[in-house]
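Structure file structure21.csv (CSV, C-alpha atoms) follows.
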chain,number,residue,atom,x,y,z
A,1,MET,CA,-1.1,-49.7,5.8
A,2,PRO,CA,1.6,-52.2,4.8
A,3,PHE,CA,0.7,-55.0,2.4
A,4,PHE,CA,2.3,-57.7,4.5
A,5,SER,CA,2.9,-58.2,8.2
A,6,ILE,CA,5.9,-60.5,8.8
A,7,ILE,CA,5.6,-62.3,12.2
A,8,ILE,CA,8.8,-63.6,13.8
A,9,PRO,CA,8.5,-65.3,17.2
A,10,LEU,CA,11.8,-65.0,19.0
A,11,TYR,CA,13.2,-67.1,21.8
A,12,ASN,CA,17.0,-67.4,22.3
A,13,LYS,CA,18.1,-67.3,18.6
A,14,GLU,CA,21.2,-65.1,18.9
A,15,LYS,CA,23.1,-67.4,16.5
A,16,TYR,CA,20.6,-67.0,13.7
A,17,ILE,CA,18.4,-63.9,14.1
A,18,SER,CA,20.7,-61.4,12.4
A,19,ASN,CA,20.9,-63.4,9.2
A,20,THR,CA,17.2,-64.1,9.3
A,21,LEU,CA,16.4,-60.4,9.7
A,22,LYS,CA,18.8,-59.5,6.9
A,23,SER,CA,17.0,-61.9,4.6
A,24,VAL,CA,13.7,-59.9,5.2
A,25,LEU,CA,15.3,-56.5,4.7
A,26,ASN,CA,16.8,-57.8,1.4
A,27,GLN,CA,13.4,-58.6,-0.1
A,28,SER,CA,12.7,-57.2,-3.6
A,29,PHE,CA,9.1,-56.4,-2.4
A,30,ASN,CA,9.4,-53.9,0.4
A,31,ASP,CA,5.9,-52.9,1.5
A,32,TYR,CA,5.8,-54.6,4.8
A,33,GLU,CA,6.1,-54.4,8.6
A,34,ILE,CA,8.2,-56.7,10.7
A,35,ILE,CA,6.7,-57.8,14.0
A,36,ILE,CA,9.1,-59.5,16.3
A,37,VAL,CA,7.6,-61.0,19.4
A,38,ASN,CA,10.2,-61.6,22.0
A,39,ASP,CA,9.0,-64.6,23.9
A,40,GLY,CA,11.1,-64.1,27.0
A,41,SER,CA,14.6,-64.5,25.4
A,42,THR,CA,17.5,-64.6,27.9
A,43,ASP,CA,20.4,-64.5,25.4
A,44,LYS,CA,21.6,-61.5,23.2
A,45,SER,CA,18.9,-61.8,20.6
A,46,ILE,CA,17.3,-58.5,21.4
A,47,GLN,CA,20.6,-56.6,21.4
A,48,LEU,CA,21.3,-58.0,18.0
A,49,ILE,CA,18.0,-56.9,16.6
A,50,GLN,CA,18.4,-53.4,18.0
A,51,VAL,CA,21.5,-52.9,15.7
A,52,PHE,CA,19.0,-52.7,12.7
A,53,LYS,CA,17.7,-49.2,12.2
A,54,ASP,CA,14.5,-49.6,10.2
A,55,ASP,CA,11.1,-48.1,11.1
A,56,ARG,CA,9.4,-51.2,9.7
A,57,ILE,CA,10.8,-53.3,12.6
A,58,LYS,CA,8.5,-53.4,15.7
A,59,ILE,CA,9.4,-55.4,18.8
A,60,PHE,CA,6.9,-56.7,21.3
A,61,HIS,CA,7.9,-58.3,24.6
A,62,GLN,CA,6.1,-61.0,26.6
A,63,GLU,CA,7.1,-63.5,29.2
A,64,ASN,CA,7.9,-67.0,27.8
A,65,LYS,CA,4.5,-68.4,26.7
A,66,GLY,CA,5.6,-70.5,23.7
A,67,VAL,CA,5.8,-70.1,20.0
A,68,SER,CA,2.0,-70.3,19.5
A,69,ALA,CA,1.3,-67.5,21.9
A,70,ALA,CA,4.0,-65.4,20.2
A,71,ARG,CA,2.6,-65.9,16.7
A,72,ASN,CA,-0.9,-65.2,17.9
A,73,LYS,CA,0.4,-61.9,19.5
A,74,GLY,CA,1.9,-61.0,16.2
A,75,MET,CA,-1.4,-61.5,14.4
A,76,GLN,CA,-3.2,-59.5,17.1
A,77,VAL,CA,-1.1,-56.4,16.5
A,78,ALA,CA,-0.6,-56.8,12.7
A,79,LYS,CA,-1.8,-54.0,10.6
A,80,SER,CA,-1.9,-55.6,7.1
A,81,LYS,CA,-4.4,-57.9,5.5
A,82,TYR,CA,-1.8,-60.6,4.8
A,83,PHE,CA,0.3,-62.4,7.4
A,84,CYS,CA,3.6,-64.1,6.7
A,85,PHE,CA,5.4,-66.2,9.3
A,86,LEU,CA,9.2,-66.6,9.7
A,87,ASP,CA,11.0,-68.6,12.3
A,88,ALA,CA,14.0,-66.9,13.7
A,89,ASP,CA,16.5,-69.4,12.3
A,90,ASP,CA,15.2,-69.6,8.7
A,91,ILE,CA,16.2,-67.6,5.6
A,92,TRP,CA,14.1,-66.1,2.9
A,93,LEU,CA,15.4,-65.6,-0.6
A,94,PRO,CA,14.9,-62.1,-2.1
A,95,ASN,CA,11.8,-63.1,-4.1
A,96,HIS,CA,9.8,-64.6,-1.2
A,97,LEU,CA,7.3,-61.7,-0.7
A,98,GLN,CA,7.1,-60.9,-4.4
A,99,SER,CA,6.1,-64.5,-5.0
A,100,PHE,CA,3.3,-64.2,-2.5
A,101,TYR,CA,2.2,-60.8,-3.9
A,102,ASP,CA,2.0,-62.3,-7.4
A,103,ALA,CA,0.0,-65.3,-6.2
A,104,ILE,CA,-2.5,-63.1,-4.3
A,105,ILE,CA,-3.2,-61.4,-7.6
A,106,LYS,CA,-3.4,-64.6,-9.6
A,107,PHE,CA,-5.3,-66.8,-7.2
A,108,PRO,CA,-7.7,-64.4,-5.3
A,109,GLU,CA,-9.8,-67.2,-3.8
A,110,SER,CA,-6.9,-68.6,-1.9
A,111,LYS,CA,-6.7,-67.8,1.8
A,112,MET,CA,-3.4,-69.6,2.3
A,113,ILE,CA,-0.5,-69.4,-0.1
A,114,CYS,CA,2.6,-71.6,0.1
A,115,ASN,CA,6.0,-71.0,-1.4
A,116,ARG,CA,8.4,-73.9,-2.0
A,117,TYR,CA,11.5,-74.5,0.0
A,118,VAL,CA,14.7,-76.4,0.4
A,119,THR,CA,15.8,-78.0,3.7
A,120,LYS,CA,19.2,-77.2,5.1
A,121,ILE,CA,20.5,-80.4,6.7
A,122,ASN,CA,24.1,-79.3,7.1
A,123,ASN,CA,26.2,-76.3,6.2
A,124,LYS,CA,26.9,-77.7,2.7
A,125,LYS,CA,23.8,-79.6,1.7
A,126,HIS,CA,20.2,-78.5,1.0
A,127,LEU,CA,17.5,-81.0,0.2
A,128,LYS,CA,14.9,-80.2,-2.5
A,129,ASN,CA,11.3,-81.0,-1.5
A,130,SER,CA,8.6,-82.3,-3.8
A,131,PHE,CA,4.9,-83.0,-3.2
A,132,ILE,CA,2.6,-85.8,-4.3
A,133,ASP,CA,0.6,-85.1,-7.5
A,134,ILE,CA,2.1,-81.6,-7.8
A,135,ALA,CA,4.5,-80.9,-10.6
A,136,ASN,CA,7.7,-79.0,-9.8
A,137,ASP,CA,6.7,-76.2,-12.1
A,138,TYR,CA,3.0,-76.1,-11.1
A,139,GLU,CA,1.4,-73.1,-9.5
A,140,GLY,CA,-2.2,-72.6,-8.6
A,141,TYR,CA,-4.9,-74.1,-6.3
A,142,ILE,CA,-4.1,-77.4,-4.6
A,143,SER,CA,-6.7,-80.0,-5.3
A,144,ASP,CA,-5.9,-82.4,-2.5
A,145,PHE,CA,-3.8,-80.6,0.2
A,146,PHE,CA,-3.6,-83.6,2.6
A,147,LYS,CA,-2.6,-86.2,0.0
A,148,SER,CA,0.0,-83.8,-1.4
A,149,SER,CA,1.4,-83.2,2.1
A,150,LEU,CA,1.9,-86.9,3.1
A,151,ILE,CA,5.6,-87.0,2.6
A,152,ASN,CA,6.8,-83.4,2.6
A,153,ARG,CA,4.7,-80.6,4.2
A,154,ILE,CA,3.3,-78.1,1.7
A,155,ALA,CA,2.5,-75.7,4.5
A,156,LEU,CA,5.8,-75.1,6.2
A,157,THR,CA,5.5,-72.2,8.7
A,158,SER,CA,8.2,-70.0,7.2
A,159,ALA,CA,6.8,-70.6,3.7
A,160,VAL,CA,3.2,-69.7,4.4
A,161,CYS,CA,1.1,-66.5,3.9
A,162,ILE,CA,-2.5,-66.3,5.1
A,163,ASP,CA,-5.3,-63.8,4.7
A,164,LYS,CA,-6.3,-62.0,7.9
A,165,ASP,CA,-9.8,-63.4,7.4
A,166,VAL,CA,-8.4,-66.8,8.5
A,167,TYR,CA,-7.3,-65.5,11.9
A,168,GLU,CA,-10.5,-63.6,12.4
A,169,ASN,CA,-12.7,-66.6,11.5
A,170,ILE,CA,-10.9,-69.6,13.0
A,171,SER,CA,-8.6,-67.9,15.5
A,172,GLY,CA,-4.9,-68.7,15.7
A,173,PHE,CA,-2.5,-71.3,16.8
A,174,ASP,CA,-3.6,-73.6,19.7
A,175,THR,CA,-1.6,-72.4,22.7
A,176,GLN,CA,-2.3,-75.6,24.5
A,177,LEU,CA,-0.1,-77.5,22.1
A,178,THR,CA,3.7,-77.4,22.4
A,179,ASN,CA,4.4,-79.7,19.5
A,180,GLY,CA,2.6,-79.9,16.1
A,181,GLU,CA,0.7,-76.7,16.7
A,182,ASP,CA,1.6,-75.5,13.2
A,183,THR,CA,0.2,-78.8,11.6
A,184,ASP,CA,-3.0,-78.3,13.6
A,185,PHE,CA,-3.4,-74.8,12.3
A,186,TRP,CA,-2.7,-75.5,8.7
A,187,THR,CA,-5.1,-78.5,8.8
A,188,LYS,CA,-7.9,-76.2,10.1
A,189,ILE,CA,-7.2,-73.7,7.3
A,190,ALA,CA,-7.1,-76.4,4.5
A,191,LEU,CA,-10.4,-77.8,5.7
A,192,ASN,CA,-12.1,-74.4,5.4
A,193,TYR,CA,-10.4,-72.5,2.6
A,194,LYS,CA,-8.7,-72.8,-0.8
A,195,VAL,CA,-5.0,-73.2,-0.6
A,196,SER,CA,-2.6,-72.4,-3.4
A,197,ILE,CA,1.1,-73.1,-4.1
A,198,THR,CA,3.6,-71.1,-6.1
A,199,LYS,CA,6.3,-72.6,-8.4
A,200,ASN,CA,9.0,-70.5,-6.6
A,201,THR,CA,11.6,-71.9,-4.1
A,202,THR,CA,12.0,-68.9,-1.7
A,203,LEU,CA,12.9,-70.4,1.7
A,204,ILE,CA,15.9,-72.1,3.2
A,205,TYR,CA,14.4,-74.1,6.1
A,206,ASN,CA,17.1,-74.7,8.7
A,207,GLN,CA,16.8,-78.2,10.1
A,208,ILE,CA,20.3,-78.5,11.5
A,209,SER,CA,19.3,-78.0,15.1
A,210,ASP,CA,16.0,-80.0,14.8
A,211,ASN,CA,17.4,-83.2,16.3
A,212,ILE,CA,14.9,-85.8,17.5
A,213,SER,CA,14.7,-85.8,21.3
A,214,LEU,CA,14.8,-89.3,22.8
A,215,SER,CA,14.3,-88.1,26.3
A,216,LYS,CA,11.3,-89.6,28.1
A,217,VAL,CA,11.0,-86.5,30.2
A,218,ASP,CA,11.0,-84.3,27.1
A,219,ILE,CA,8.3,-86.1,25.2
A,220,ILE,CA,6.1,-86.7,28.3
A,221,ASN,CA,6.2,-82.9,29.0
A,222,LYS,CA,5.1,-82.1,25.4
A,223,LYS,CA,1.5,-81.3,24.8
A,224,ILE,CA,0.6,-83.0,21.5
A,225,SER,CA,-2.7,-83.0,19.6
A,226,ASN,CA,-4.7,-86.1,19.7
A,227,PHE,CA,-6.5,-85.0,16.5
A,228,LYS,CA,-9.9,-85.9,17.9
A,229,HIS,CA,-11.3,-82.6,16.9
A,230,PHE,CA,-10.8,-83.6,13.3
A,231,HIS,CA,-12.7,-86.9,13.6
A,232,GLU,CA,-15.9,-85.9,11.8
A,233,PHE,CA,-13.9,-84.5,8.9
A,234,GLU,CA,-11.6,-87.5,8.5
A,235,ILE,CA,-14.6,-89.9,8.3
A,236,LYS,CA,-15.6,-88.2,5.0
A,237,ASN,CA,-12.1,-87.4,3.8
A,238,PRO,CA,-9.7,-90.4,3.1
A,239,SER,CA,-6.8,-88.1,2.4
A,240,LEU,CA,-7.1,-86.3,5.7
A,241,LYS,CA,-7.4,-89.7,7.4
A,242,ARG,CA,-4.1,-90.9,5.9
A,243,PHE,CA,-2.5,-87.6,6.7
A,244,LEU,CA,-3.6,-87.6,10.4
A,245,ASP,CA,-2.8,-91.3,10.7
A,246,ALA,CA,0.8,-90.6,9.5
A,247,HIS,CA,1.1,-88.1,12.4
A,248,ARG,CA,-0.5,-90.5,14.9
A,249,ILE,CA,2.0,-93.2,13.8
A,250,PHE,CA,4.9,-90.8,14.2
A,251,TYR,CA,3.9,-89.9,17.8
A,252,ALA,CA,3.1,-93.5,18.7
A,253,LEU,CA,6.5,-94.6,17.6
A,254,HIS,CA,8.3,-91.9,19.5
A,255,TYR,CA,6.3,-92.8,22.7
A,256,TYR,CA,7.1,-96.4,22.1
A,257,VAL,CA,10.8,-95.6,21.7
A,258,VAL,CA,11.0,-94.1,25.2
A,259,GLY,CA,8.9,-96.9,26.8
A,260,CYS,CA,5.6,-95.1,27.1
A,261,LYS,CA,3.5,-98.0,25.8
A,262,LYS,CA,0.2,-96.6,27.1
A,263,GLU,CA,0.6,-93.3,25.2
A,264,SER,CA,1.8,-95.1,22.1
A,265,LEU,CA,-1.3,-97.4,22.0
A,266,GLU,CA,-3.5,-94.4,22.6
A,267,TYR,CA,-2.4,-93.0,19.3
A,268,LEU,CA,-2.4,-96.3,17.4
A,269,LYS,CA,-5.9,-97.2,18.4
A,270,ASP,CA,-7.2,-94.4,16.1
A,271,VAL,CA,-5.1,-95.5,13.1
A,272,ASP,CA,-6.7,-97.4,10.3
A,273,LYS,CA,-4.7,-100.6,9.9
A,274,LYS,CA,-4.4,-100.2,6.2
A,275,ASN,CA,-2.5,-97.0,6.7
A,276,ILE,CA,0.3,-98.8,8.6
A,277,ASN,CA,2.8,-100.2,6.1
A,278,PHE,CA,4.9,-103.3,6.5
A,279,LYS,CA,8.1,-101.3,7.4
A,280,THR,CA,6.3,-99.5,10.2
A,281,LYS,CA,4.8,-102.7,11.6
A,282,ILE,CA,8.3,-104.1,11.8
A,283,LEU,CA,9.5,-101.1,13.7
A,284,PHE,CA,6.8,-101.6,16.4
A,285,GLN,CA,8.1,-105.2,16.8
A,286,LEU,CA,11.6,-104.1,17.6
A,287,PRO,CA,12.8,-103.5,21.2
A,288,PRO,CA,12.8,-99.8,22.0
A,289,ILE,CA,16.6,-99.8,22.6
A,290,ILE,CA,17.1,-100.8,18.9
A,291,LEU,CA,14.8,-98.1,17.7
A,292,ARG,CA,16.6,-95.5,19.8
A,293,TYR,CA,19.8,-96.6,18.0
A,294,LEU,CA,18.1,-96.4,14.6
A,295,LEU,CA,16.8,-92.9,15.3
A,296,LYS,CA,20.2,-91.7,16.5
A,297,THR,CA,21.8,-93.2,13.4
A,298,LYS,CA,19.2,-91.5,11.2
A,299,SER,CA,19.9,-88.1,12.8
A,300,LYS,CA,23.6,-88.6,12.4
A,301,LEU,CA,23.4,-89.6,8.8
A,302,LYS,CA,21.2,-86.6,8.0
A,303,GLN,CA,24.0,-84.3,9.2
A,304,TYR,CA,26.2,-85.8,6.5
A,305,GLY,CA,23.7,-85.5,3.8
A,306,TYR,CA,22.1,-89.0,3.9
A,307,PHE,CA,18.3,-89.0,4.5
A,308,PHE,CA,15.8,-91.8,4.8
A,309,ASN,CA,12.4,-92.1,6.2
A,310,LEU,CA,11.7,-94.6,9.0
A,311,TYR,CA,7.9,-94.1,9.0
A,312,ARG,CA,6.7,-94.5,5.4
Translate the structure of the given file into structure tokens.
Amino acid sequence: MPFFSIIIPLYNKEKYISNTLKSVLNQSFNDYEIIIVNDGSTDKSIQLIQVFKDDRIKIFHQENKGVSAARNKGMQVAKSKYFCFLDADDIWLPNHLQSFYDAIIKFPESKMICNRYVTKINNKKHLKNSFIDIANDYEGYISDFFKSSLINRIALTSAVCIDKDVYENISGFDTQLTNGEDTDFWTKIALNYKVSITKNTTLIYNQISDNISLSKVDIINKKISNFKHFHEFEIKNPSLKRFLDAHRIFYALHYYVVGCKKESLEYLKDVDKKNINFKTKILFQLPPIILRYLLKTKSKLKQYGYFFNLYR
């Protein structure tokens, strides 16, 4: 039985999948299986994978059901006790799995382990990420997962390893969601289990193609969590409340930008007013056309290595 099961959902990533797969095969720790779930790809992704001749690679095919269903399928067929996730356009550094293995030995009570990562915003620039109340050289159990994740996400999908017990006890990703399904899953885990972080930066998170969509049709068609299933927990947990409110504000603002005032207000009504800062209040006073310009400008500047946050 392999020590790790690496789960890669695949949908039309012919531009990236070869390099992503090479980064797995170049790992210094090599006791693993690679589970690629082809989610109805229509490009040359599968042909590119078939070039790799390695018995550890297993390909499963399904009609297009979305990334959550693909990841869940991977967990269903996985043979190991530890599941690692990798998006088909991200890159692991050679020490990624070794870092997880060492952390499993050091922090046995942890059911989710997170490596650190850099964010690729253009072909020449990578942004380092830090976390609130966590030193850059710290490794160990995280005392306040939600507070530490307020600005940068500790649990980034391609930087996470979970124990199989998690999947068996709280199930997998919510297939009803088409946006934020990963945040929903990590939140459930953090509420139920200990989470640890390593001091090792082992992932290059590719954000080049993650442009913010300003299409009304696009955002209306997304199925986004309303977070109501966390209500009883956030009443008792101020950090969780701030964390969820930050996401509510994010979605409310994007609905507001495309003129969906009803949907925007639906998210805002659950936000504690003290969690809305002055800058964010100003944004909601601006006409949507100006906000669209600001978001486009933000996206463009990020491509040239300039990054700022409109929401906090």
- Message: Just the number, please: distance in Å from atom CA of A:Gly259 to atom CA of A:Leu294, one decimal.
- Response: 15.3 Å
- Message: Could you check the closest approach to A:Lys58 for each of A:Tyr141, A:Tyr32, A:Tyr205, A:Phe100 and tell me which residue wins, using all atoms listed in the file?
- Response: A:Tyr32
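Our summary of the geometry notes that atom CA of A:Ser149 is positioned 25.4 Å from atom CA of A:Leu291.
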- Message: Restricting the calculation to all atoms listed in the file: of A:Ile7, A:Ala135, A:Ile91, A:Ile151, which residue gets closest to A:Asn206?
- Response: A:Ile91
- Message: Counting all atoms listed in the file, I want the residues whose atoms come within 12 Å of (3.0, -85.2, -5.3) in the file frame, returned as a VMD selection string.
- Response: chain A and resid 129 to 138 142 to 154
